[in-house]
Amino acid sequence: MPFPDTIPELRSSWSAAVGVLFFKRIFEIAPGALELFSFRDVPAPELYESAKLKSHALKVMNTVGVAVSMLDDVPALLPVLEGLGKKHVDYGVVPAHYEVVGQALLDTLALGLGDAFTPELKAAWAEIYGVVSSTMIKGANKVPAPAYTEHGSYATHSGADLGAIKDSQANAESWYTSPDCMPQSVRSCVSSLMPTKSA
């Protein structure tokens, strides 16, 4: 069942309660991504009980919830997503991070929904996440990057943060480009979203 017929299933399968599990999965896939967040200094044993992480996770889940609620009006949603993409450039986010987030999203939904996360629902989420991530990346690409950086703007980060951000970017890019690291489910979803070259 293609989008937009999948809107009811997408809405009913989303729960803001999955935020902490979602971030836990992101950090399992790409541990260096923790350095991009304000709660990076929370000791590891306390991280998933941290008020900072829980607050951020709730904000992210609420944002996703708003995006899901706007699926009936995609033209209104696209500029919002582009704006989010622009905003994330200042945090050191690069395109490869979006693939990590996409895999974490699919894994978290699978964990939370169990057998209800059918192949059709997974395909619907992969399709809509492909639109979300490509639109955010499009927005990020509208932000001019300073000539002295490899991956984008680091204007809001201190020199100490810069190394951690570059490490996170390298880890995400390595995960994204390595067939041995990327799970088969993601390779399949990513491959299905990639445009084919015409002769």
# chains A, B, ... in the order shown; residues from 1 in each chain; ligands from 1
$ residues_around --residues "stretch 67-81 of chain A" --least-positions-apart "6" --cutoff "10 Å" --atoms "only C-alpha atoms" --output "ChimeraX atom specification"
/A:3-4,6-8,10-12,14,61,87,128,131-140
$ residues_around --residues "A:Lys54" --least-positions-apart "4" --cutoff "10 Å" --atoms "only C-alpha atoms" --output "list of chain:residue names"
A:Ala17, A:Gly19, A:Val20, A:Phe23, A:Phe39, A:Leu47, A:Tyr48, A:Glu49, A:Ser50, A:Leu58, A:Lys59, A:Val60
$ select_by_dssp --residues "stretch 30-93 of chain A" --states "helix (DSSP H, G or I)" --output "ChimeraX atom specification"
/A:31-36,44-49,51-69,71-89
$ residues_around --residues "stretch 110-120 of chain A" --least-positions-apart "3" --cutoff "8 Å" --atoms "only C-alpha atoms" --output "ChimeraX atom specification"
/A:1,13,18,106-107,123-124
$ closest_residue --among "A:Leu53, A:His88, A:Tyr129, A:Tyr98" --to "A:Leu34" --atoms "only C-alpha atoms"
A:Leu53
